[in-house]
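The next block holds one structure in the form of structure tokens; read it before the comments.
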Amino acid sequence: MERNEQTGIYRKHYGYRSSSNYGKYHYTFNGLLDSIPARRYEDGNFIIRKDDLLMIEKFPDKNRSSYRT
């Protein structure tokens with residue numbers, strides 16, 4: 001997978017902050033994990049509630065990625 005595809009998937013998953021006009025304006029874009037209660041750990045690991053698992057399981061199918069439970 002190309003690096004820009006990886007970055008896009010990461011941003012959809014975790015969200016990101018962008019700035020314009022040499023840092024004068026800042027924009028925050030929420031990701032999937034911002035919409036559900038989750039605890040993030042190192043190396044892309046996170047813990048979610050069992051009720052939210054279905055939402056996470058649908059994400060890799062749309063974005064050519066994988067997951068482990």
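Going through the structure tokens in order, the chains are called A, B, and so on, while each chain numbers its residues from 1 and the ligands are numbered from 1 in the order shown.
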### Query
Using the chain letters and numbers from this document, which residues of stretch 25-56 of chain A does DSSP assign to strand (DSSP E), as number ranges by chain?
A: 25-29, 38-40, 46-48
### Task
Enumerate as a VMD selection string all residues of stretch 6-66 of chain A assigned to helix (DSSP H, G or I) by DSSP on the backbone, naming them with the chain letters and numbers the document uses.
chain A and resid 6 to 14 32 to 34 42 to 44 50 to 63
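Candidate residues A:Arg3, A:Arg68, A:Lys24, A:Arg11 were compared for distance to A:Ile47, and the nearest is A:Arg68, using only C-alpha atoms.
Using only C-alpha atoms, the residues found no farther than 8 Å from A:Lys12, other than those of its own chain fewer than 4 positions away, are Gly8, Asn30, Gly31 and Leu32 of chain A.
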### Task
Extract, using only C-alpha atoms, all DNA, RNA and protein residues at most 12 Å from A:Asn45, discarding same-chain residues fewer than 5 positions from it, and format them as a PyMOL selection string.
chain A and resi 13-14+33+38-40+67-69
Could you dump the residues just selected with C-alpha atoms as an mmCIF file, in the first residue's frame?
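Produced file out_32.cif, reproduced below:
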data_model
loop_
_atom_site.group_PDB
_atom_site.id
_atom_site.type_symbol
_atom_site.label_atom_id
_atom_site.label_comp_id
_atom_site.auth_asym_id
_atom_site.auth_seq_id
_atom_site.Cartn_x
_atom_site.Cartn_y
_atom_site.Cartn_z
ATOM 1 C CA HIS A 13 -9.547 6.326 11.681
ATOM 2 C CA TYR A 14 -8.021 8.762 14.179
ATOM 3 C CA LEU A 33 -12.565 6.735 16.959
ATOM 4 C CA ALA A 38 -12.064 4.361 22.874
ATOM 5 C CA ARG A 39 -8.713 4.090 24.609
ATOM 6 C CA ARG A 40 -5.700 4.410 22.298
ATOM 7 C CA TYR A 67 -7.882 -5.706 12.017
ATOM 8 C CA ARG A 68 -7.447 -8.233 14.812
ATOM 9 C CA THR A 69 -9.632 -8.844 17.831
#
#### Entry: Residue nearest A:Ile56 among A:Ser35, A:Ser20, A:Thr28, A:Thr7 (counting only C-alpha atoms)
A:Ser35
### Query
In terms of the shortest atom-to-atom distance over only C-alpha atoms, which of A:Tyr10, A:Asn21, A:Ile36, A:Tyr16 is closest to A:Lys50?
A:Ile36
### Residues near A:Ile9, cut-off 9 Å, only C-alpha atoms, skip fewer than 6 positions along chain, as a VMD selection string
chain A and resid 63 to 65
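Across the model, the gap from atom CA of A:Leu53 to atom CA of A:Pro37 is 11.3 Å.
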